[in-house]
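Below is run_7.txt, which holds compact mmCIF, C-alpha atoms.
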```txt
# COMPACT_ATOMS: atom_id res chain seq x y z
CA MET J 1 32.09 -57.91 -33.21
CA SER J 2 31.76 -57.69 -36.99
CA LEU J 3 34.34 -55.80 -39.01
CA PHE J 4 31.74 -53.15 -39.80
CA GLU J 5 31.02 -52.58 -36.10
CA GLN J 6 34.75 -52.31 -35.42
CA LEU J 7 35.18 -49.80 -38.24
CA LYS J 8 32.24 -47.76 -37.03
CA ALA J 9 33.55 -47.73 -33.47
CA SER J 10 36.92 -46.48 -34.71
CA CYS J 11 35.32 -43.21 -35.91
CA GLN J 12 32.18 -42.95 -33.79
CA ASP J 13 32.12 -39.14 -33.75
CA ASP J 14 32.28 -38.96 -37.54
CA TRP J 15 29.69 -41.72 -37.82
CA ASP J 16 27.29 -39.92 -35.53
CA GLY J 17 27.84 -36.70 -37.49
CA TYR J 18 26.85 -38.59 -40.63
CA ILE J 19 23.75 -40.46 -39.49
CA ARG J 20 22.51 -37.58 -37.28
CA HIS J 21 23.30 -34.82 -39.78
CA ASP J 22 20.96 -31.82 -39.98
CA PHE J 23 19.84 -33.02 -43.41
CA VAL J 24 18.74 -36.32 -41.86
CA ARG J 25 17.12 -34.69 -38.84
CA GLN J 26 15.17 -32.23 -40.96
CA LEU J 27 14.13 -34.97 -43.38
CA GLY J 28 12.81 -37.03 -40.49
CA ALA J 29 10.90 -34.09 -39.04
CA GLY J 30 9.49 -33.09 -42.42
CA THR J 31 11.12 -29.65 -42.20
CA LEU J 32 13.77 -30.19 -44.86
CA PRO J 33 13.17 -27.67 -47.67
CA GLU J 34 11.93 -29.41 -50.78
CA ALA J 35 14.61 -27.67 -52.85
CA CYS J 36 17.24 -29.40 -50.72
CA PHE J 37 15.63 -32.79 -51.15
CA ARG J 38 15.30 -32.39 -54.92
CA HIS J 39 18.94 -31.36 -55.12
CA TYR J 40 19.91 -34.46 -53.13
CA LEU J 41 17.78 -36.70 -55.37
CA LYS J 42 19.42 -35.38 -58.51
CA GLN J 43 22.95 -35.86 -57.25
CA ASP J 44 22.09 -39.26 -55.78
CA TYR J 45 21.10 -40.40 -59.28
CA LEU J 46 24.65 -39.71 -60.45
CA PHE J 47 26.05 -41.23 -57.28
CA LEU J 48 24.23 -44.53 -57.84
CA ILE J 49 25.64 -44.81 -61.36
CA GLU J 50 29.17 -44.36 -60.07
CA PHE J 51 28.62 -46.91 -57.31
CA ALA J 52 27.49 -49.39 -59.95
CA ARG J 53 30.88 -48.85 -61.61
CA CYS J 54 32.55 -49.56 -58.26
CA TYR J 55 30.77 -52.90 -58.08
CA ALA J 56 31.93 -53.60 -61.63
CA LEU J 57 35.47 -53.15 -60.33
CA ALA J 58 34.65 -55.53 -57.49
CA ALA J 59 33.65 -58.13 -60.08
CA VAL J 60 36.93 -57.66 -61.96
CA GLN J 61 38.87 -58.06 -58.71
CA GLY J 62 36.88 -61.07 -57.48
CA GLU J 63 39.06 -63.99 -56.52
CA THR J 64 36.31 -66.58 -56.72
CA LEU J 65 33.25 -67.20 -58.83
CA ALA J 66 31.16 -66.38 -55.75
CA ASP J 67 32.90 -63.00 -55.47
CA ILE J 68 32.13 -62.21 -59.09
CA ARG J 69 28.52 -63.27 -58.74
CA TYR J 70 28.10 -61.25 -55.57
CA ALA J 71 29.44 -58.13 -57.27
CA LYS J 72 27.31 -58.80 -60.34
CA ASP J 73 24.19 -59.10 -58.21
CA ALA J 74 24.98 -55.84 -56.39
CA MET J 75 25.60 -54.02 -59.65
CA GLY J 76 22.42 -55.48 -61.13
CA ALA J 77 20.40 -54.40 -58.11
CA LEU J 78 21.68 -50.85 -58.58
CA LEU J 79 21.17 -50.71 -62.35
CA ASP J 80 17.99 -52.74 -62.75
CA VAL J 81 16.12 -52.02 -59.53
CA GLU J 82 17.37 -49.10 -57.45
CA LEU J 83 18.02 -46.73 -60.35
CA ASP J 84 14.65 -47.48 -61.92
CA LEU J 85 12.97 -46.83 -58.58
CA HIS J 86 15.02 -43.68 -58.15
CA ILE J 87 14.01 -42.37 -61.57
CA ALA J 88 10.35 -43.04 -60.78
CA TYR J 89 10.74 -41.37 -57.39
CA CYS J 90 12.36 -38.35 -59.02
CA ARG J 91 9.45 -38.13 -61.44
CA ASP J 92 7.09 -37.99 -58.45
CA TRP J 93 9.10 -34.96 -57.30
CA GLY J 94 8.83 -33.24 -60.68
CA ILE J 95 12.28 -34.26 -61.94
CA ASN J 96 12.07 -35.85 -65.37
CA PRO J 97 14.62 -38.32 -66.85
CA ASP J 98 15.89 -35.77 -69.39
CA GLU J 99 16.77 -33.45 -66.52
CA LEU J 100 18.64 -36.26 -64.77
CA GLU J 101 20.63 -37.03 -67.92
CA ALA J 102 21.68 -33.38 -68.24
CA LEU J 103 23.01 -33.10 -64.68
CA GLU J 104 26.57 -32.17 -63.81
CA THR J 105 28.22 -33.91 -60.89
CA GLU J 106 28.93 -31.61 -57.98
CA PRO J 107 32.42 -31.59 -56.41
CA ALA J 108 31.33 -33.24 -53.14
CA ASN J 109 29.67 -36.05 -55.09
CA LYS J 110 32.63 -36.58 -57.40
CA ALA J 111 35.12 -36.47 -54.53
CA TYR J 112 33.26 -39.27 -52.78
CA THR J 113 32.77 -41.62 -55.72
CA ASP J 114 36.28 -41.01 -57.02
CA TYR J 115 37.67 -41.86 -53.59
CA VAL J 116 35.79 -45.16 -53.38
CA MET J 117 36.92 -46.21 -56.84
CA GLN J 118 40.53 -45.23 -56.13
CA CYS J 119 40.54 -47.26 -52.92
CA GLY J 120 39.67 -50.33 -54.95
CA LEU J 121 42.20 -49.58 -57.66
CA ASP J 122 45.01 -48.89 -55.19
CA HIS J 123 44.33 -51.41 -52.43
CA GLY J 124 42.03 -54.13 -53.72
CA PRO J 125 38.66 -55.69 -52.88
CA LEU J 126 38.69 -55.41 -49.09
CA ALA J 127 39.55 -51.70 -49.18
CA LEU J 128 36.86 -51.17 -51.81
CA ARG J 129 34.22 -52.82 -49.62
CA CYS J 130 35.27 -50.77 -46.59
CA ALA J 131 34.92 -47.60 -48.67
CA LEU J 132 31.49 -48.71 -49.90
CA ALA J 133 30.23 -49.69 -46.44
CA PRO J 134 29.33 -46.27 -44.97
CA CYS J 135 26.76 -45.63 -47.69
CA GLY J 136 24.72 -48.82 -47.50
CA GLN J 137 25.10 -49.44 -43.78
CA GLY J 138 24.62 -45.79 -42.88
CA TYR J 139 21.36 -45.48 -44.80
CA GLY J 140 20.13 -48.59 -43.02
CA GLU J 141 20.87 -47.07 -39.62
CA ILE J 142 19.35 -43.75 -40.65
CA GLY J 143 16.18 -45.44 -41.86
CA SER J 144 15.81 -47.47 -38.67
CA TRP J 145 16.49 -44.45 -36.46
CA LEU J 146 14.00 -42.20 -38.22
CA ALA J 147 11.34 -44.91 -38.31
CA ALA J 148 11.65 -45.28 -34.54
CA GLU J 149 11.46 -41.57 -33.80
CA ASP J 150 8.27 -40.10 -32.38
CA ALA J 151 8.69 -36.82 -34.28
CA LEU J 152 8.47 -38.32 -37.74
CA ASP J 153 7.32 -36.31 -40.72
CA THR J 154 3.56 -36.12 -40.31
CA SER J 155 3.08 -34.51 -43.71
CA GLY J 156 4.21 -37.68 -45.45
CA ARG J 157 6.56 -35.83 -47.82
CA TYR J 158 9.57 -37.96 -46.97
CA ARG J 159 7.88 -40.97 -45.40
CA SER J 160 8.39 -43.22 -48.43
CA TRP J 161 12.15 -42.52 -48.32
CA ILE J 162 12.25 -43.46 -44.62
CA GLU J 163 10.15 -46.57 -45.19
CA MET J 164 12.42 -47.75 -48.01
CA TYR J 165 15.58 -47.67 -45.90
CA SER J 166 13.93 -48.93 -42.70
CA GLY J 167 12.11 -51.73 -44.53
CA LYS J 168 12.89 -55.43 -44.20
CA GLU J 169 14.15 -55.82 -47.76
CA TYR J 170 16.80 -53.15 -47.36
CA GLN J 171 17.73 -54.23 -43.82
CA ASP J 172 18.16 -57.83 -44.99
CA ALA J 173 20.37 -56.70 -47.88
CA ILE J 174 22.76 -54.74 -45.67
CA ALA J 175 22.96 -57.65 -43.22
CA VAL J 176 24.18 -59.82 -46.10
CA GLU J 177 26.71 -57.14 -46.99
CA ARG J 178 28.05 -57.07 -43.43
CA SER J 179 28.45 -60.84 -43.48
CA TYR J 180 30.23 -60.70 -46.82
CA LEU J 181 32.60 -58.03 -45.52
CA ASP J 182 33.56 -60.37 -42.67
CA GLN J 183 34.11 -63.26 -45.07
CA LEU J 184 36.28 -61.11 -47.31
CA ALA J 185 38.31 -59.91 -44.33
CA GLU J 186 38.97 -63.51 -43.28
CA ARG J 187 40.36 -64.29 -46.73
CA GLN J 188 42.17 -61.03 -47.42
CA GLY J 189 42.80 -59.58 -43.99
CA ASP J 190 46.55 -59.63 -44.49
CA THR J 191 46.38 -57.22 -47.44
CA LEU J 192 45.77 -54.18 -45.20
CA ASN J 193 45.95 -53.78 -41.44
CA PHE J 194 42.98 -52.60 -39.41
CA ASP J 195 44.28 -49.04 -39.04
CA GLN J 196 44.45 -48.71 -42.83
CA LEU J 197 40.93 -50.09 -43.26
CA ALA J 198 39.67 -47.82 -40.49
CA GLY J 199 41.24 -44.82 -42.20
CA ILE J 200 39.47 -45.69 -45.45
CA PHE J 201 36.15 -46.15 -43.66
CA ARG J 202 36.59 -42.86 -41.77
CA THR J 203 37.34 -40.91 -44.92
CA ALA J 204 34.32 -42.40 -46.71
CA THR J 205 32.16 -41.48 -43.71
CA GLN J 206 33.46 -37.91 -43.80
CA LEU J 207 32.65 -37.79 -47.52
CA GLU J 208 29.11 -38.90 -46.69
CA ILE J 209 28.88 -35.90 -44.37
CA GLY J 210 30.07 -33.76 -47.27
CA PHE J 211 27.30 -35.24 -49.43
CA TRP J 212 24.67 -34.17 -46.87
CA ASP J 213 26.29 -30.73 -46.66
CA MET J 214 25.95 -30.49 -50.44
CA GLY J 215 22.29 -31.44 -50.19
CA MET J 216 21.69 -28.61 -47.73
CA SER J 217 22.99 -26.06 -50.25
CA PRO J 218 21.03 -26.42 -53.48
CA PRO J 219 22.08 -24.17 -56.36
CA PRO J 220 19.85 -21.14 -57.04
CA ARG J 221 17.05 -21.74 -59.48
CA THR J 222 17.53 -20.40 -62.97
CA GLU J 223 14.52 -19.55 -65.06
```
Now, as a test, write the supplied structure out as structure tokens.
Amino acid sequence: MSLFEQLKASCQDDWDGYIRHDFVRQLGAGTLPEACFRHYLKQDYLFLIEFARCYALAAVQGETLADIRYAKDAMGALLDVELDLHIAYCRDWGINPDELEALETEPANKAYTDYVMQCGLDHGPLALRCALAPCGQGYGEIGSWLAAEDALDTSGRYRSWIEMYSGKEYQDAIAVERSYLDQLAERQGDTLNFDQLAGIFRTATQLEIGFWDMGMSPPPRTE
């Protein structure tokens, strides 16, 4: 069993609460209010920037040239591909780049990204990767689950989001990440015991739930 599967099994109830959250269920059924989805998109823009910083830390902490290159590639994918796609996707939803630049980070978003960064600063690369794992791996499971559901959004409003995370390119990328996590654990497994890593993974998963909760409660519109 991969380290990721072990970590997931150690907090299965939390994991299920994350990937089967009401936000996810409503998105899949096409019943999620558009205001909630726009709110999520805006905060996710800020989230992606902070995760790019986390991968910059991973590069600094890399023990080998391969580690540094891997972190560089992940950061580049966020900055040069995913963020550009996200900005274009936001524009399709009526959110312009100037609006994104003026955003303030909500507490649930900041709590999550701050936690991931602090894990890396306090405990090193393996802890950082375990804190990062719920996001990437969770979205992959969510995408696959929703794509397999019969009651998918027939309106098409959220279909492109589902297709992105259920698609082969994304699924291949998270498979590589799982493999890298195992390799890192083999080299650095003595830095933290499993219970410590599981605690980090569980907390990050709970913070993912908090991110969905935040998405379900968009701020009131101001004219």
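Comparing J:Glu63, J:Asp122, J:Glu50, J:Asp98 by their smallest distance to Gln188 in chain J, the closest is J:Glu63 (using all atoms listed in the file).
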Applying 9 Å and only C-alpha atoms, which residues near Gly17 in chain J remain after dropping the ones on its own chain fewer than 4 positions away? List them as a PDB file with C-alpha atoms, in the frame of the given file.
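selection_4.pdb, freshly written:
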```pdb
ATOM      1  CA  GLN J  12      32.180 -42.950 -33.790  1.00  0.00           C
ATOM      2  CA  ASP J  13      32.120 -39.140 -33.750  1.00  0.00           C
ATOM      3  CA  HIS J  21      23.300 -34.820 -39.780  1.00  0.00           C
ATOM      4  CA  ASP J  22      20.960 -31.820 -39.980  1.00  0.00           C
ATOM      5  CA  THR J 205      32.160 -41.480 -43.710  1.00  0.00           C
ATOM      6  CA  GLN J 206      33.460 -37.910 -43.800  1.00  0.00           C
ATOM      7  CA  ILE J 209      28.880 -35.900 -44.370  1.00  0.00           C
TER       8      ILE J 209
END
```
Notebook entry, point to check: Interatomic distance between CA of His39 in chain J and CA of Glu208 in chain J?
Noted result: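 If I compute the distance from CA of His39 in chain J to CA of Glu208 in chain J, I get 15.2 Å.
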Next item on the list: Would you mind listing what lies within 12 Å of Leu78 in chain J as a PyMOL selection string, with all atoms listed in the file counted and same-chain residues fewer than 6 positions away left out?
Entry: chain J and resi 44-56+71-72+84-87+136
Next item on the list: Go through J:Ala66, J:Ala131, J:Leu27, J:Met1 and flag the residue nearest Thr113 in chain J, using all atoms listed in the file for the distances.
Entry: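 So, comparing all the options, the nearest one is J:Ala131.
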Checklist line | Nearest candidate to Gly140 in chain J (options J:Cys11, J:Ile19, J:Leu126, J:Leu197; using only C-alpha atoms) | finding: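 Result for the nearest residue to Gly140 in chain J: J:Ile19.
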Check: Rounded to one decimal in Å, what is the spacing between CA of Glu186 in chain J and CA of Gln171 in chain J?
Finding: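 Here the two named atoms are 23.2 Å from each other.
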Item checked: Nearby residues, (35.9, -54.6, -37.9) file frame, 12 Å, only C-alpha atoms, as a PyMOL selection string -> chain J and resi 1-11+126+129-130+133+178-179+181-186+189+193-199+201
Notebook entry, point to check: Excluding same-chain residues fewer than 6 positions from Asp92 in chain J, what lies within 12 Å of it counting all atoms listed in the file, as an MDAnalysis selection string?
Noted result: chainID J and resid 38 41 85:86 157:158 160
Could those selected residues go to a file with C-alpha atoms, as a PDB file, in the coordinates of the input?
```
ATOM      1  CA  ARG J  38      15.300 -32.390 -54.920  1.00  0.00           C
ATOM      2  CA  LEU J  41      17.780 -36.700 -55.370  1.00  0.00           C
ATOM      3  CA  LEU J  85      12.970 -46.830 -58.580  1.00  0.00           C
ATOM      4  CA  HIS J  86      15.020 -43.680 -58.150  1.00  0.00           C
ATOM      5  CA  ARG J 157       6.560 -35.830 -47.820  1.00  0.00           C
ATOM      6  CA  TYR J 158       9.570 -37.960 -46.970  1.00  0.00           C
ATOM      7  CA  SER J 160       8.390 -43.220 -48.430  1.00  0.00           C
TER       8      SER J 160
END
```
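The two atoms in question, CA of Gly30 in chain J and CA of Gly156 in chain J, are spaced 7.6 Å apart.
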Checklist line | Surrounding residues of Val24 in chain J excluding itself and chain neighbours under 3 positions, 12 Å, all atoms listed in the file, as number ranges by chain | finding: J: 16-21, 27-33, 36-37, 40, 138-139, 141-147, 152-153, 158, 161-162, 208-209, 211-213, 215-216
